[in-house]
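Each remark here refers to the structure printed beneath this line.
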Amino acid sequence: MKKIFAIFTAIIIFCATNFIGGNFFGANVVYAYDPNIDGEIDIEGFSNEVVELVNLERERYGLEPLEVNEELTECAVVRAEEMPKLFSHTRPDGSECFTAFTVDYHYAGENLAAGQTSPEEAVDGWMNSPGHRANILSDNYTETGVVCIISDGSEYGIYWVQLFIG
């Protein structure tokens with residue numbers, strides 16, 4: 001398993017360096033939803049799997065599933081780009097995380113994670129954190145946007161952002 005993870009990591013780093021060329025805050029970044037990555041690695045699946053796992057948790061508690069909102073996902077991209085610089089619910093400019101939202105909402109929430117190497121680890125961590133768990137299980141939320149990025153050379157290497165609105 002460690003060998004597979006090492007190969008997976010090497011391929012991601014190679015893709016980030018050679019194909020995407022993203023450079024946010026001095027780190028190469030690969031987006032888990034990036035449609036430009038071809039091959040056997042389904043990096044987009046990371047974000048999709050988070051949504052599936054979160055909706056399974058919601059179902060266990062009799063809640064409606066969250067729908068993916070593409071515009072909210074783009075807001076999650078903005079937040080994900082900030083994570084290698086400042087892993088916080090406060091943005092690098094000092095403003096609240098909700099200033100990154102470009103969608104209308106009555107209720108909004110944000111879950112962040114860093115360093116978890118799988119969607120299961122990220123969701124498990126959130127479910128074991130009272131505030132994050134409350135976001136996942138809130139019946140105020142109906143839509144979500146999820147992004148996972150791998151940021152070579154950053155403190156945690158991998159970052160997860162899940163935004164909620166209702």
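Naming scheme: A, B, ... for chains in displayed order of the structure tokens; residues 1 onward per chain; ligands 1 onward as shown.
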Legend entry - Shell of 8 Å around range 48-52 of chain A, only C-alpha atoms, local chain residues under 2 positions omitted, as a ChimeraX atom specification: /A:44-46,54-56,66,68,119-120,122-123,144,146
File of the preceding selection, N, CA and C atoms, as a short mmCIF file (atom, residue, chain, number, x, y, z; two decimals), in the first residue's frame:
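Result file result_28.cif:
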```cif
data_model
loop_
_atom_site.label_atom_id
_atom_site.label_comp_id
_atom_site.auth_asym_id
_atom_site.auth_seq_id
_atom_site.Cartn_x
_atom_site.Cartn_y
_atom_site.Cartn_z
N GLU A 44 -10.21 13.52 -9.92
CA GLU A 44 -11.52 14.15 -9.73
C GLU A 44 -12.37 13.32 -8.78
N GLY A 45 -12.12 12.04 -8.76
CA GLY A 45 -12.87 11.14 -7.90
C GLY A 45 -12.73 11.47 -6.43
N PHE A 46 -11.62 12.11 -6.02
CA PHE A 46 -11.45 12.49 -4.62
C PHE A 46 -12.58 13.40 -4.18
N VAL A 54 -20.09 12.08 2.49
CA VAL A 54 -20.87 13.02 3.30
C VAL A 54 -22.36 12.71 3.17
N ASN A 55 -22.80 12.42 1.96
CA ASN A 55 -24.23 12.11 1.77
C ASN A 55 -24.62 10.79 2.44
N LEU A 56 -23.70 9.84 2.52
CA LEU A 56 -23.97 8.61 3.28
C LEU A 56 -24.16 8.93 4.76
N LEU A 66 -26.83 16.31 -0.12
CA LEU A 66 -26.40 17.61 -0.64
C LEU A 66 -26.21 17.49 -2.15
N VAL A 68 -24.34 18.96 -5.56
CA VAL A 68 -23.12 19.69 -5.92
C VAL A 68 -23.51 20.94 -6.70
N PRO A 119 -10.20 10.53 0.67
CA PRO A 119 -11.50 11.10 1.03
C PRO A 119 -12.04 10.53 2.34
N GLU A 120 -11.81 9.23 2.57
CA GLU A 120 -12.28 8.60 3.80
C GLU A 120 -11.63 9.25 5.02
N ALA A 122 -10.40 12.30 5.25
CA ALA A 122 -10.89 13.68 5.39
C ALA A 122 -12.28 13.68 6.04
N VAL A 123 -13.19 12.86 5.53
CA VAL A 123 -14.55 12.84 6.07
C VAL A 123 -14.55 12.27 7.48
N THR A 144 -23.42 21.81 -1.88
CA THR A 144 -22.02 21.75 -1.47
C THR A 144 -21.11 21.95 -2.67
N VAL A 146 -16.89 20.90 -3.31
CA VAL A 146 -15.73 20.25 -2.70
C VAL A 146 -14.55 20.29 -3.65
#
```
Can you tell me which residues surround range 103-117 of chain A at a distance of at most 7 Å, considering only C-alpha atoms, apart from same-chain residues fewer than 6 positions away, and format the answer as an mmCIF file with C-alpha atoms, in the first residue's frame?
```cif
data_model
loop_
_atom_site.group_PDB
_atom_site.id
_atom_site.type_symbol
_atom_site.label_atom_id
_atom_site.label_comp_id
_atom_site.auth_asym_id
_atom_site.auth_seq_id
_atom_site.Cartn_x
_atom_site.Cartn_y
_atom_site.Cartn_z
ATOM 1 C CA GLU A 71 -20.378 27.821 -8.711
ATOM 2 C CA LEU A 72 -19.861 26.920 -5.063
ATOM 3 C CA HIS A 132 -17.258 20.007 11.127
ATOM 4 C CA ASN A 135 -21.819 21.311 9.151
ATOM 5 C CA ASN A 140 -29.895 24.040 6.847
ATOM 6 C CA TYR A 141 -27.557 23.035 4.008
ATOM 7 C CA TYR A 156 0.610 19.623 4.603
ATOM 8 C CA GLY A 157 0.894 18.636 0.927
ATOM 9 C CA ILE A 158 -2.814 17.970 0.456
ATOM 10 C CA TYR A 159 -5.779 20.184 1.330
ATOM 11 C CA TRP A 160 -9.520 19.574 1.380
ATOM 12 C CA VAL A 161 -12.219 22.266 1.202
ATOM 13 C CA GLN A 162 -15.932 21.595 1.507
ATOM 14 C CA LEU A 163 -18.318 24.541 1.343
ATOM 15 C CA PHE A 164 -21.993 24.377 2.253
ATOM 16 C CA ILE A 165 -24.938 26.634 1.507
ATOM 17 C CA GLY A 166 -28.652 26.553 2.125
#
```
Inset, instruction - Record the distance separating CA of Pro130 in chain A and CA of Pro92 in chain A, expressed in Å with one decimal. - result: 24.7 Å
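Taking only C-alpha atoms into account, Glu57 in chain A lies nearest to A:Asp124 out of the set A:Glu96, A:Asp152, A:Asp124, A:Glu82.
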Legend entry - CA of Ile136 in chain A to CA of Thr99 in chain A, distance in Å rounded to a single decimal: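 So the answer is 20.6 Å.
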Inset, instruction - Quote the spacing between CA of Glu67 in chain A and CA of Arg79 in chain A in Å to one decimal place. - result: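 CA of Arg79 in chain A lies 19.4 Å from CA of Glu67 in chain A.
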Inset, instruction - Give me the residues within 7 Å of Val77 in chain A as a PyMOL selection string, counting only C-alpha atoms and dropping any in the same chain fewer than 4 places off. - result: chain A and resi 73+81+147
Legend entry - From A:Leu137, A:Ala80, A:Met127, A:Cys97, residue lying nearest Glu64 in chain A [only C-alpha atoms]: A:Leu137
